[in-house]
file work_26.cif (mmCIF, C-alpha atoms and all ligand atoms)
data_work
loop_
_atom_site.label_atom_id
_atom_site.label_comp_id
_atom_site.auth_asym_id
_atom_site.auth_seq_id
_atom_site.Cartn_x
_atom_site.Cartn_y
_atom_site.Cartn_z
CA MET A 444 152.89 -28.92 -30.71
CA ILE A 445 152.94 -31.94 -28.41
CA GLU A 446 154.78 -31.20 -25.20
CA LYS A 447 157.49 -33.72 -24.37
CA GLY A 448 157.14 -35.67 -21.13
CA PRO A 449 159.97 -36.39 -18.69
CA LEU A 450 162.74 -38.70 -19.88
CA LEU A 451 163.55 -40.13 -16.48
CA VAL A 452 161.13 -40.54 -13.58
CA ALA A 453 161.90 -41.76 -10.06
CA GLU A 454 158.81 -42.84 -8.18
CA HIS A 455 158.94 -43.39 -4.42
CA LEU A 456 162.36 -45.00 -4.46
CA GLN A 457 163.39 -46.64 -1.21
CA MET A 458 166.52 -48.67 -0.52
CA ILE A 459 167.17 -50.83 2.51
CA PHE A 460 170.44 -52.75 2.71
CA GLY A 461 171.14 -55.79 4.85
CA SER A 462 169.10 -58.43 6.55
CA ALA A 463 166.41 -58.32 9.23
CA ASP A 464 168.97 -57.95 12.07
CA SER A 465 171.34 -55.53 10.34
CA ARG A 466 169.00 -53.27 8.47
CA LEU A 467 170.27 -50.02 6.99
CA GLU A 468 167.87 -47.67 5.31
CA ALA A 469 169.97 -45.74 2.78
CA LEU A 470 167.17 -44.08 0.88
CA GLU A 471 163.80 -43.30 2.38
CA GLU A 472 161.92 -41.67 -0.46
CA ALA A 473 162.99 -40.21 -3.75
CA THR A 474 160.41 -38.95 -6.22
CA PHE A 475 161.35 -36.62 -9.05
CA SER A 476 161.50 -36.37 -12.81
CA VAL A 477 164.08 -35.17 -15.29
CA MET A 478 163.14 -33.57 -18.60
CA PRO A 479 164.96 -34.33 -21.87
CA ASN A 480 168.19 -32.29 -22.18
CA GLU A 481 167.97 -31.11 -18.60
CA PHE A 482 171.08 -30.86 -16.40
CA VAL A 483 170.13 -31.80 -12.85
CA CYS A 484 172.49 -31.89 -9.86
CA LEU A 485 171.91 -33.95 -6.71
CA ILE A 486 173.45 -32.55 -3.57
CA GLY A 487 173.30 -33.74 0.03
CA PRO A 488 175.39 -34.70 3.06
CA SER A 489 177.85 -37.59 2.87
CA GLY A 490 176.17 -40.97 3.27
CA CYS A 491 172.67 -39.71 2.45
CA GLY A 492 172.25 -42.16 -0.39
CA LYS A 493 173.28 -40.14 -3.47
CA SER A 494 175.40 -42.90 -5.02
CA THR A 495 172.76 -45.46 -4.16
CA LEU A 496 170.14 -43.33 -5.88
CA LEU A 497 172.33 -42.88 -8.95
CA ARG A 498 172.96 -46.63 -9.17
CA ILE A 499 169.23 -47.26 -9.01
CA LEU A 500 168.67 -44.70 -11.79
CA GLY A 501 171.28 -46.54 -13.86
CA GLY A 502 169.53 -49.88 -13.37
CA LEU A 503 172.63 -51.20 -11.57
CA VAL A 504 170.85 -51.71 -8.24
CA VAL A 505 167.26 -52.84 -7.72
CA PRO A 506 165.45 -50.65 -5.16
CA THR A 507 163.62 -52.17 -2.21
CA SER A 508 160.53 -50.39 -3.45
CA GLY A 509 159.61 -47.80 -6.03
CA THR A 510 160.11 -47.57 -9.76
CA VAL A 511 162.34 -45.86 -12.31
CA LEU A 512 160.78 -45.03 -15.65
CA LEU A 513 162.84 -44.29 -18.73
CA ASP A 514 160.63 -42.75 -21.41
CA GLY A 515 157.64 -44.16 -19.57
CA GLU A 516 159.00 -47.74 -19.48
CA PRO A 517 160.05 -49.38 -16.19
CA LEU A 518 163.81 -49.74 -15.92
CA THR A 519 164.88 -53.08 -14.50
CA GLU A 520 168.44 -53.52 -15.74
CA PRO A 521 171.34 -51.44 -17.14
CA GLN A 522 170.59 -50.07 -20.58
CA GLN A 523 172.67 -48.71 -23.39
CA ARG A 524 170.62 -45.53 -23.31
CA ILE A 525 172.14 -44.73 -19.92
CA GLY A 526 175.84 -44.00 -19.35
CA VAL A 527 177.35 -43.90 -15.85
CA VAL A 528 180.64 -42.30 -14.75
CA PHE A 529 181.81 -42.92 -11.19
CA GLN A 530 184.26 -41.03 -9.01
CA HIS A 531 186.86 -43.68 -9.74
CA HIS A 532 187.39 -44.18 -13.46
CA ASN A 533 187.51 -48.04 -13.49
CA LEU A 534 189.39 -48.08 -16.81
CA MET A 535 191.03 -51.33 -17.82
CA PRO A 536 194.72 -50.86 -16.95
CA TRP A 537 196.02 -53.03 -19.79
CA ARG A 538 194.02 -51.25 -22.48
CA THR A 539 195.17 -48.07 -24.18
CA THR A 540 193.03 -44.92 -24.08
CA LEU A 541 191.61 -45.77 -27.51
CA ALA A 542 190.92 -49.39 -26.59
CA ASN A 543 189.19 -48.36 -23.36
CA VAL A 544 186.90 -45.93 -25.18
CA ARG A 545 186.24 -48.50 -27.92
CA LEU A 546 185.22 -51.21 -25.46
CA PRO A 547 181.44 -50.54 -25.40
CA LEU A 548 181.43 -50.64 -29.21
CA GLU A 549 183.35 -53.93 -29.22
CA ILE A 550 180.68 -55.33 -26.93
CA GLN A 551 178.10 -54.13 -29.47
CA ARG A 552 180.17 -55.98 -32.12
CA LEU A 553 180.63 -52.91 -34.27
CA PRO A 554 183.15 -53.37 -37.12
CA ARG A 555 186.62 -52.43 -35.89
CA ASP A 556 187.14 -49.52 -38.32
CA GLU A 557 183.88 -47.88 -37.40
CA ALA A 558 184.51 -48.47 -33.69
CA ASP A 559 187.96 -46.87 -33.97
CA GLN A 560 186.58 -43.88 -35.82
CA ARG A 561 183.87 -43.27 -33.27
CA ALA A 562 186.28 -43.73 -30.37
CA LEU A 563 188.76 -41.29 -31.94
CA ALA A 564 185.97 -38.74 -32.46
CA MET A 565 185.19 -39.01 -28.73
CA LEU A 566 188.87 -38.55 -27.88
CA ASP A 567 188.78 -35.36 -29.97
CA LEU A 568 185.75 -34.21 -28.03
CA VAL A 569 187.50 -34.63 -24.67
CA GLY A 570 190.82 -33.35 -26.06
CA LEU A 571 192.80 -36.58 -25.72
CA ARG A 572 193.44 -37.79 -29.26
CA GLU A 573 197.19 -37.47 -28.88
CA PHE A 574 197.00 -39.85 -25.91
CA ALA A 575 195.11 -42.54 -27.85
CA ASP A 576 197.94 -45.04 -27.41
CA ALA A 577 198.76 -44.28 -23.79
CA LEU A 578 197.89 -46.64 -20.95
CA PRO A 579 195.81 -45.36 -18.01
CA ARG A 580 198.88 -45.43 -15.71
CA ASP A 581 200.56 -42.87 -17.96
CA LEU A 582 197.67 -40.38 -17.73
CA SER A 583 196.91 -37.80 -15.05
CA GLY A 584 193.84 -38.20 -12.82
CA GLY A 585 191.89 -35.62 -14.81
CA MET A 586 192.79 -37.28 -18.10
CA ARG A 587 191.62 -40.66 -16.81
CA GLN A 588 188.26 -39.19 -15.85
CA ARG A 589 187.99 -37.68 -19.33
CA VAL A 590 188.66 -41.11 -20.83
CA ALA A 591 185.94 -42.55 -18.59
CA LEU A 592 183.58 -39.83 -19.83
CA ALA A 593 184.51 -40.51 -23.47
CA ARG A 594 183.90 -44.24 -22.92
CA GLU A 595 180.33 -43.49 -21.85
CA LEU A 596 179.68 -40.87 -24.55
CA VAL A 597 180.91 -43.14 -27.35
CA TYR A 598 177.66 -45.10 -27.51
CA ASP A 599 175.64 -41.88 -27.48
CA PRO A 600 173.51 -42.42 -24.38
CA ASP A 601 170.34 -40.40 -23.87
CA VAL A 602 171.06 -40.05 -20.17
CA LEU A 603 174.42 -39.50 -18.50
CA LEU A 604 174.63 -40.26 -14.78
CA LEU A 605 177.69 -38.75 -13.12
CA ASP A 606 178.69 -39.62 -9.56
CA GLU A 607 181.15 -36.92 -8.50
CA PRO A 608 183.22 -37.67 -11.59
CA PHE A 609 185.80 -34.99 -10.79
CA GLY A 610 185.52 -35.18 -7.01
CA ALA A 611 189.00 -36.59 -6.41
CA LEU A 612 190.76 -33.94 -8.51
CA ASP A 613 192.34 -30.66 -7.49
CA ALA A 614 190.17 -27.54 -7.68
CA LEU A 615 191.68 -26.12 -10.88
CA THR A 616 191.48 -29.38 -12.85
CA ARG A 617 187.97 -29.85 -11.57
CA GLU A 618 186.93 -26.39 -12.75
CA GLN A 619 188.45 -27.04 -16.16
CA LEU A 620 186.68 -30.38 -16.51
CA ASN A 621 183.39 -28.79 -15.49
CA TRP A 622 183.88 -26.43 -18.39
CA GLU A 623 184.49 -29.31 -20.72
CA LEU A 624 181.45 -31.09 -19.39
CA LEU A 625 179.30 -28.02 -20.07
CA ARG A 626 180.72 -27.73 -23.56
CA ILE A 627 180.02 -31.41 -24.29
CA TRP A 628 176.53 -31.21 -22.83
CA GLN A 629 175.78 -28.13 -24.91
CA ALA A 630 177.10 -29.79 -28.07
CA ARG A 631 175.29 -33.11 -27.59
CA ARG A 632 172.28 -32.09 -25.51
CA THR A 633 172.46 -35.23 -23.41
CA THR A 634 170.32 -35.36 -20.30
CA VAL A 635 172.54 -35.26 -17.22
CA VAL A 636 172.02 -36.19 -13.57
CA MET A 637 175.15 -35.40 -11.58
CA VAL A 638 175.99 -35.96 -7.92
CA THR A 639 178.19 -33.31 -6.37
CA HIS A 640 179.26 -32.01 -2.96
CA SER A 641 179.98 -28.58 -4.33
CA ILE A 642 177.37 -25.82 -4.14
CA GLN A 643 179.30 -23.74 -6.66
CA GLU A 644 179.55 -26.63 -9.10
CA ALA A 645 175.82 -27.37 -8.78
CA VAL A 646 174.82 -23.75 -9.45
CA PHE A 647 177.30 -23.29 -12.28
CA LEU A 648 176.35 -26.44 -14.18
CA SER A 649 172.72 -27.23 -13.66
CA ASP A 650 169.21 -26.19 -14.57
CA ARG A 651 167.89 -27.54 -11.28
CA VAL A 652 169.41 -28.79 -8.04
CA LEU A 653 167.73 -31.48 -5.93
CA VAL A 654 168.62 -31.21 -2.26
CA MET A 655 168.68 -34.41 -0.21
CA SER A 656 168.23 -34.88 3.54
CA PRO A 657 170.77 -36.79 5.66
CA ARG A 658 170.39 -40.59 5.66
CA PRO A 659 167.93 -42.09 5.15
CA GLY A 660 167.91 -39.79 2.17
CA SER A 661 164.92 -38.18 0.60
CA ILE A 662 164.55 -35.33 -1.88
CA GLU A 663 163.65 -32.43 0.38
CA CYS A 664 163.49 -29.53 -2.02
CA GLU A 665 164.67 -28.28 -5.36
CA VAL A 666 166.30 -25.03 -6.40
CA LYS A 667 165.77 -23.89 -9.96
CA ILE A 668 168.89 -22.32 -11.47
CA ASP A 669 167.68 -19.60 -13.80
CA LEU A 670 171.08 -18.29 -14.88
CA PRO A 671 171.13 -17.77 -18.64
CA ARG A 672 173.05 -20.10 -20.95
CA PRO A 673 175.65 -20.41 -22.28
CA ARG A 674 177.35 -19.74 -18.97
CA SER A 675 180.72 -18.15 -18.49
CA THR A 676 183.18 -17.75 -15.64
CA ASP A 677 181.81 -14.21 -15.16
CA ASP A 678 178.62 -15.87 -13.91
CA LEU A 679 180.56 -17.05 -10.85
CA TYR A 680 180.66 -13.43 -9.64
CA ALA A 681 177.15 -12.40 -10.71
CA PRO A 682 174.76 -11.32 -7.90
CA ARG A 683 172.22 -13.93 -9.05
CA PHE A 684 174.87 -16.67 -8.82
CA LEU A 685 175.66 -15.68 -5.24
CA GLU A 686 171.98 -15.47 -4.36
CA LEU A 687 171.30 -18.98 -5.70
CA SER A 688 174.39 -20.35 -3.93
CA ARG A 689 173.18 -18.80 -0.68
CA ARG A 690 169.74 -20.30 -1.15
CA LEU A 691 171.22 -23.73 -1.77
CA ARG A 692 173.51 -23.45 1.24
CA ALA A 693 170.53 -22.49 3.41
CA ALA A 694 168.52 -25.47 2.12
CA LEU A 695 171.42 -27.82 2.96
CA ALA A 696 171.93 -26.27 6.40
CA GLN A 697 168.26 -26.66 7.15
CA GLU A 698 168.48 -30.32 6.22
CA SER A 699 171.54 -30.93 8.39
CA GLU A 700 169.88 -29.31 11.40
CA GLY A 701 167.11 -31.85 11.19
CA THR A 702 169.59 -34.77 11.11
CA ARG A 703 167.98 -37.97 12.20
CA ILE A 704 170.16 -40.34 14.19
N1 LIG A 801 176.03 -52.24 -1.04
C1 LIG A 801 175.79 -51.71 0.18
N2 LIG A 801 175.54 -52.53 1.25
C2 LIG A 801 175.27 -52.02 2.46
N3 LIG A 801 175.19 -50.70 2.72
C3 LIG A 801 175.40 -49.85 1.70
C4 LIG A 801 175.73 -50.32 0.39
N4 LIG A 801 175.89 -49.23 -0.43
C5 LIG A 801 175.71 -48.16 0.36
N5 LIG A 801 175.41 -48.52 1.64
C6 LIG A 801 175.13 -47.61 2.74
O1 LIG A 801 174.09 -46.73 2.34
C7 LIG A 801 174.30 -45.43 2.83
C8 LIG A 801 174.31 -44.47 1.66
O2 LIG A 801 175.49 -44.72 0.88
P1 LIG A 801 175.81 -43.91 -0.45
O3 LIG A 801 177.10 -44.40 -0.94
O4 LIG A 801 174.64 -43.98 -1.35
O5 LIG A 801 175.93 -42.42 0.13
P2 LIG A 801 176.43 -41.08 -0.59
O6 LIG A 801 175.38 -40.05 -0.35
O7 LIG A 801 176.80 -41.37 -1.98
O8 LIG A 801 177.72 -40.72 0.27
P3 LIG A 801 179.05 -39.91 -0.20
O9 LIG A 801 178.61 -38.48 -0.35
O10 LIG A 801 179.97 -40.09 0.96
O11 LIG A 801 179.54 -40.52 -1.47
C9 LIG A 801 175.62 -45.48 3.63
O12 LIG A 801 175.32 -45.58 5.00
C10 LIG A 801 176.30 -46.72 3.11
O13 LIG A 801 177.07 -47.32 4.12
MG MG A 802 178.62 -41.31 -3.04
#
call {"tool": "encode", "arguments": {"input": "work_26.cif", "output": "structure tokens"}}
result
Amino acid sequence: MIEKGPLLVAEHLQMIFGSADSRLEALEEATFSVMPNEFVCLIGPSGCGKSTLLRILGGLVVPTSGTVLLDGEPLTEPQQRIGVVFQHHNLMPWRTTLANVRLPLEIQRLPRDEADQRALAMLDLVGLREFADALPRDLSGGMRQRVALARELVYDPDVLLLDEPFGALDALTREQLNWELLRIWQARRTTVVMVTHSIQEAVFLSDRVLVMSPRPGSIECEVKIDLPRPRSTDDLYAPRFLELSRRLRAALAQESEGTRI
């Protein structure tokens, strides 16, 4: 059997913003790869370049140096194979839930019936079919983020990049949406790279956690999460869960101690 190679590769990514006199190095060095169907979390102190890194991985920002490879091919612009969900949903306020989720398919010029069917199937997946005709202003924060997720899933991307998609929500809603995310990931086996500030979230969701240093960010170490799948809320209290959380906390603390000013 031929072993599959990584789906996504980041090679020596560096990002410097600004001009010669106001230079800000956001990202110093990021090199890592993500295997097909893997769930990887990125964790690191605020301002260390996580969102910048995610935007580069999505082809939305061109790095100062370094390369992103998708299936071995250099990535130079946004691609349909990659879906991105940000902390703020950026739904179109005048479009209904269904019309927001359908939008990527309209851009692809899919026939309306087929586009509606696929969008409705996604609304089923995120549990929002009965809100198909609602406008974003009539939805809760968690529901809006689910619509944003459905809008990215509707075109069946190979890679899903999530930038703290539930970060602005209360703890209970966030936990519930993490469950839904796990369920969706298990059902569709998409490859996920997710930024989070939460150690618990990272351990609960991922196969591997990449720990970043303070700005200028670099990938300092990785922690493999060997908890069995499918996971359950009982895992949150398992000795191995606590051990991995402690290890991750220690890795982050070590990074913060070495903060460069
Ligand atoms: N377009 C931009 N122009 C100039 N500087 C930028 C730009 N985008 C980000 N930065 C800077 O790059 C650094 C990293 O920002 P980034 O948003 O990637 O951090 P982050 O790790 O996502 O932070 P947080 O955890 O708070 O979301 C910050 O100092 C930020 O001010
Ligand atoms: Mg960010």
call {"tool": "atom_distance", "arguments": {"input": "work_26.cif", "atom1": "atom CA of A:Asp606", "atom2": "atom C6 of ligand LIG 801 (chain A)"}}
result
15.1 Å
call {"tool": "closest_atom_pairs", "arguments": {"input": "work_26.cif", "of": "chain A", "to": "ligand MG 802 (chain A)", "cutoff": "7 Å", "atoms": "all atoms listed in the file", "output": "Markdown table"}}
result
| residue | atom | partner | partner_atom | distance |
| --- | --- | --- | --- | --- |
| A:Gly490 | CA | A:MG802 | MG | 6.8 |
| A:Gly492 | CA | A:MG802 | MG | 7.0 |
| A:Lys493 | CA | A:MG802 | MG | 5.5 |
| A:Ser494 | CA | A:MG802 | MG | 4.1 |
| A:Asp606 | CA | A:MG802 | MG | 6.7 |
call {"tool": "write_last_selection", "arguments": {"input": "work_26.cif", "atoms": "C-alpha atoms", "output": "PDB file, in the coordinates of the input"}}
result
ATOM      1  CA  GLY A 490     176.170 -40.970   3.270  1.00  0.00           C
ATOM      2  CA  GLY A 492     172.250 -42.160  -0.390  1.00  0.00           C
ATOM      3  CA  LYS A 493     173.280 -40.140  -3.470  1.00  0.00           C
ATOM      4  CA  SER A 494     175.400 -42.900  -5.020  1.00  0.00           C
ATOM      5  CA  ASP A 606     178.690 -39.620  -9.560  1.00  0.00           C
TER       6      ASP A 606
END
call {"tool": "residues_near_ligand", "arguments": {"input": "work_26.cif", "ligand": "ligand LIG 801 (chain A)", "cutoff": "9 Å", "atoms": "all atoms listed in the file", "output": "number ranges by chain"}}
result
A: 458-461, 466-470, 486-498, 504, 530, 606-607, 638-640, 655, 657-660
call {"tool": "atom_distance", "arguments": {"input": "work_26.cif", "atom1": "atom CA of A:Glu481", "atom2": "atom CA of A:Asp678"}}
result
19.2 Å
call {"tool": "closest_residue", "arguments": {"input": "work_26.cif", "among": "A:Ser661, A:Thr676, A:Arg651, A:Arg594", "to": "A:Asn533", "atoms": "all atoms listed in the file"}}
result
A:Arg594
call {"tool": "closest_residue", "arguments": {"input": "work_26.cif", "among": "A:Glu549, A:Glu454, A:Asp613, A:Glu557", "to": "A:Pro506", "atoms": "only C-alpha atoms"}}
result
A:Glu454
call {"tool": "closest_residue", "arguments": {"input": "work_26.cif", "among": "A:Arg674, A:Arg617, A:Arg587, A:Lys447", "to": "A:Val477", "atoms": "all atoms listed in the file"}}
result
A:Lys447
call {"tool": "atom_distance", "arguments": {"input": "work_26.cif", "atom1": "atom CA of A:Asn621", "atom2": "atom CA of A:Ser699"}}
result
26.7 Å
call {"tool": "closest_residue", "arguments": {"input": "work_26.cif", "among": "A:Leu648, A:Val544, A:Ile662, A:Leu578", "to": "A:Ile627", "atoms": "all atoms listed in the file"}}
result
A:Leu648
call {"tool": "residues_around", "arguments": {"input": "work_26.cif", "residues": "A:Arg538", "least_positions_apart": "2", "cutoff": "12 Å", "atoms": "all atoms listed in the file", "output": "list in words"}}
result
Asn533, Leu534, Met535, Pro536, Thr540, Leu541, Ala542, Asn543, Val544, Arg545, Leu546, Ala575, Asp576, Ala577, Leu578, Pro579, Arg580, Asp581 and Val590 of chain A
call {"tool": "closest_residue", "arguments": {"input": "work_26.cif", "among": "A:Val528, A:Val511, A:Tyr598, A:Ile499", "to": "A:Ala453", "atoms": "only C-alpha atoms"}}
result
A:Val511
call {"tool": "residues_near_point", "arguments": {"input": "work_26.cif", "point": "(169.9, -33.4, -15.2)", "cutoff": "6 Å", "atoms": "all atoms listed in the file", "output": "ChimeraX atom specification"}}
result
/A:481-483,634-636
call {"tool": "residues_around", "arguments": {"input": "work_26.cif", "residues": "A:Val597", "least_positions_apart": "3", "cutoff": "9 Å", "atoms": "all atoms listed in the file", "output": "list in words"}}
result
Val544, Arg545, Pro547, Leu548, Arg561, Ala562, Ala564, Met565, Leu592, Ala593, Arg594 and Pro600 of chain A
call {"tool": "write_last_selection", "arguments": {"input": "work_26.cif", "atoms": "C-alpha atoms", "output": "short mmCIF file (atom, residue, chain, number, x, y, z; two decimals), in the coordinates of the input"}}
result
data_model
loop_
_atom_site.label_atom_id
_atom_site.label_comp_id
_atom_site.auth_asym_id
_atom_site.auth_seq_id
_atom_site.Cartn_x
_atom_site.Cartn_y
_atom_site.Cartn_z
CA VAL A 544 186.90 -45.93 -25.18
CA ARG A 545 186.24 -48.50 -27.92
CA PRO A 547 181.44 -50.54 -25.40
CA LEU A 548 181.43 -50.64 -29.21
CA ARG A 561 183.87 -43.27 -33.27
CA ALA A 562 186.28 -43.73 -30.37
CA ALA A 564 185.97 -38.74 -32.46
CA MET A 565 185.19 -39.01 -28.73
CA LEU A 592 183.58 -39.83 -19.83
CA ALA A 593 184.51 -40.51 -23.47
CA ARG A 594 183.90 -44.24 -22.92
CA PRO A 600 173.51 -42.42 -24.38
#
call {"tool": "residues_around", "arguments": {"input": "work_26.cif", "residues": "stretch 686-697 of chain A", "least_positions_apart": "2", "cutoff": "9 Å", "atoms": "only C-alpha atoms", "output": "PyMOL selection string"}}
result
chain A and resi 486-488+642-643+645-646+652+654-656+663-669+681-684+699-701
call {"tool": "residues_near_point", "arguments": {"input": "work_26.cif", "point": "(174.7, -21.4, -22.3)", "cutoff": "9 Å", "atoms": "all atoms listed in the file", "output": "list of chain:residue names"}}
result
A:Leu625, A:Arg626, A:Gln629, A:Leu670, A:Pro671, A:Arg672, A:Pro673, A:Arg674, A:Ser675
call {"tool": "residues_around", "arguments": {"input": "work_26.cif", "residues": "A:Met478", "least_positions_apart": "4", "cutoff": "7 Å", "atoms": "only C-alpha atoms", "output": "list in words"}}
result
Gly448, Pro449, Leu450 and Leu451 of chain A
call {"tool": "write_last_selection", "arguments": {"input": "work_26.cif", "atoms": "C-alpha atoms", "output": "mmCIF file, in the frame of the given file"}}
result
data_model
loop_
_atom_site.group_PDB
_atom_site.id
_atom_site.type_symbol
_atom_site.label_atom_id
_atom_site.label_comp_id
_atom_site.auth_asym_id
_atom_site.auth_seq_id
_atom_site.Cartn_x
_atom_site.Cartn_y
_atom_site.Cartn_z
ATOM 1 C CA GLY A 448 157.140 -35.670 -21.130
ATOM 2 C CA PRO A 449 159.970 -36.390 -18.690
ATOM 3 C CA LEU A 450 162.740 -38.700 -19.880
ATOM 4 C CA LEU A 451 163.550 -40.130 -16.480
#
call {"tool": "decode", "arguments": {"input": "work_26.cif", "residues": "stretch 629-651 of chain A", "atoms": "N, CA and C atoms", "output": "PDB file, in the first residue's frame"}}
result
ATOM      1  N   GLN A 629     -15.916  13.944  12.233  1.00  0.00           N
ATOM      2  CA  GLN A 629     -15.936  12.492  12.175  1.00  0.00           C
ATOM      3  C   GLN A 629     -16.764  11.989  10.993  1.00  0.00           C
ATOM      4  N   ALA A 630     -17.869  12.691  10.711  1.00  0.00           N
ATOM      5  CA  ALA A 630     -18.737  12.262   9.614  1.00  0.00           C
ATOM      6  C   ALA A 630     -18.094  12.531   8.253  1.00  0.00           C
ATOM      7  N   ARG A 631     -17.381  13.649   8.135  1.00  0.00           N
ATOM      8  CA  ARG A 631     -16.890  14.048   6.806  1.00  0.00           C
ATOM      9  C   ARG A 631     -15.401  13.832   6.615  1.00  0.00           C
ATOM     10  N   ARG A 632     -14.703  13.597   7.708  1.00  0.00           N
ATOM     11  CA  ARG A 632     -13.258  13.368   7.666  1.00  0.00           C
ATOM     12  C   ARG A 632     -12.514  14.471   6.915  1.00  0.00           C
ATOM     13  N   THR A 633     -12.932  15.704   7.179  1.00  0.00           N
ATOM     14  CA  THR A 633     -12.192  16.842   6.633  1.00  0.00           C
ATOM     15  C   THR A 633     -10.894  16.984   7.429  1.00  0.00           C
ATOM     16  N   THR A 634      -9.916  17.612   6.830  1.00  0.00           N
ATOM     17  CA  THR A 634      -8.684  17.919   7.556  1.00  0.00           C
ATOM     18  C   THR A 634      -8.866  19.290   8.204  1.00  0.00           C
ATOM     19  N   VAL A 635      -8.568  19.383   9.501  1.00  0.00           N
ATOM     20  CA  VAL A 635      -8.842  20.641  10.205  1.00  0.00           C
ATOM     21  C   VAL A 635      -7.573  21.217  10.840  1.00  0.00           C
ATOM     22  N   VAL A 636      -7.385  22.523  10.664  1.00  0.00           N
ATOM     23  CA  VAL A 636      -6.383  23.260  11.445  1.00  0.00           C
ATOM     24  C   VAL A 636      -7.146  24.350  12.177  1.00  0.00           C
ATOM     25  N   MET A 637      -7.094  24.317  13.510  1.00  0.00           N
ATOM     26  CA  MET A 637      -7.917  25.234  14.293  1.00  0.00           C
ATOM     27  C   MET A 637      -7.073  25.995  15.309  1.00  0.00           C
ATOM     28  N   VAL A 638      -7.244  27.317  15.297  1.00  0.00           N
ATOM     29  CA  VAL A 638      -6.594  28.169  16.299  1.00  0.00           C
ATOM     30  C   VAL A 638      -7.481  28.224  17.529  1.00  0.00           C
ATOM     31  N   THR A 639      -6.863  28.079  18.689  1.00  0.00           N
ATOM     32  CA  THR A 639      -7.636  28.218  19.926  1.00  0.00           C
ATOM     33  C   THR A 639      -6.756  28.797  21.025  1.00  0.00           C
ATOM     34  N   HIS A 640      -7.399  29.401  22.027  1.00  0.00           N
ATOM     35  CA  HIS A 640      -6.679  29.846  23.224  1.00  0.00           C
ATOM     36  C   HIS A 640      -6.864  28.855  24.353  1.00  0.00           C
ATOM     37  N   SER A 641      -7.711  27.860  24.115  1.00  0.00           N
ATOM     38  CA  SER A 641      -8.108  26.984  25.215  1.00  0.00           C
ATOM     39  C   SER A 641      -7.342  25.667  25.190  1.00  0.00           C
ATOM     40  N   ILE A 642      -6.637  25.398  26.288  1.00  0.00           N
ATOM     41  CA  ILE A 642      -5.886  24.141  26.410  1.00  0.00           C
ATOM     42  C   ILE A 642      -6.856  22.967  26.379  1.00  0.00           C
ATOM     43  N   GLN A 643      -7.965  23.106  27.108  1.00  0.00           N
ATOM     44  CA  GLN A 643      -8.931  22.009  27.178  1.00  0.00           C
ATOM     45  C   GLN A 643      -9.523  21.698  25.796  1.00  0.00           C
ATOM     46  N   GLU A 644      -9.856  22.766  25.087  1.00  0.00           N
ATOM     47  CA  GLU A 644     -10.417  22.607  23.745  1.00  0.00           C
ATOM     48  C   GLU A 644      -9.418  21.889  22.826  1.00  0.00           C
ATOM     49  N   ALA A 645      -8.152  22.322  22.901  1.00  0.00           N
ATOM     50  CA  ALA A 645      -7.115  21.746  22.035  1.00  0.00           C
ATOM     51  C   ALA A 645      -6.958  20.243  22.318  1.00  0.00           C
ATOM     52  N   VAL A 646      -6.932  19.883  23.602  1.00  0.00           N
ATOM     53  CA  VAL A 646      -6.723  18.470  23.948  1.00  0.00           C
ATOM     54  C   VAL A 646      -7.959  17.649  23.567  1.00  0.00           C
ATOM     55  N   PHE A 647      -9.125  18.218  23.807  1.00  0.00           N
ATOM     56  CA  PHE A 647     -10.359  17.478  23.548  1.00  0.00           C
ATOM     57  C   PHE A 647     -10.558  17.195  22.055  1.00  0.00           C
ATOM     58  N   LEU A 648     -10.203  18.191  21.226  1.00  0.00           N
ATOM     59  CA  LEU A 648     -10.541  18.069  19.807  1.00  0.00           C
ATOM     60  C   LEU A 648      -9.471  17.388  18.956  1.00  0.00           C
ATOM     61  N   SER A 649      -8.206  17.651  19.268  1.00  0.00           N
ATOM     62  CA  SER A 649      -7.213  17.413  18.213  1.00  0.00           C
ATOM     63  C   SER A 649      -6.448  16.094  18.322  1.00  0.00           C
ATOM     64  N   ASP A 650      -5.746  15.808  17.221  1.00  0.00           N
ATOM     65  CA  ASP A 650      -4.801  14.696  17.185  1.00  0.00           C
ATOM     66  C   ASP A 650      -3.420  15.183  17.609  1.00  0.00           C
ATOM     67  N   ARG A 651      -3.193  16.478  17.379  1.00  0.00           N
ATOM     68  CA  ARG A 651      -1.863  17.046  17.617  1.00  0.00           C
ATOM     69  C   ARG A 651      -2.035  18.529  17.887  1.00  0.00           C
TER      70      ARG A 651
END
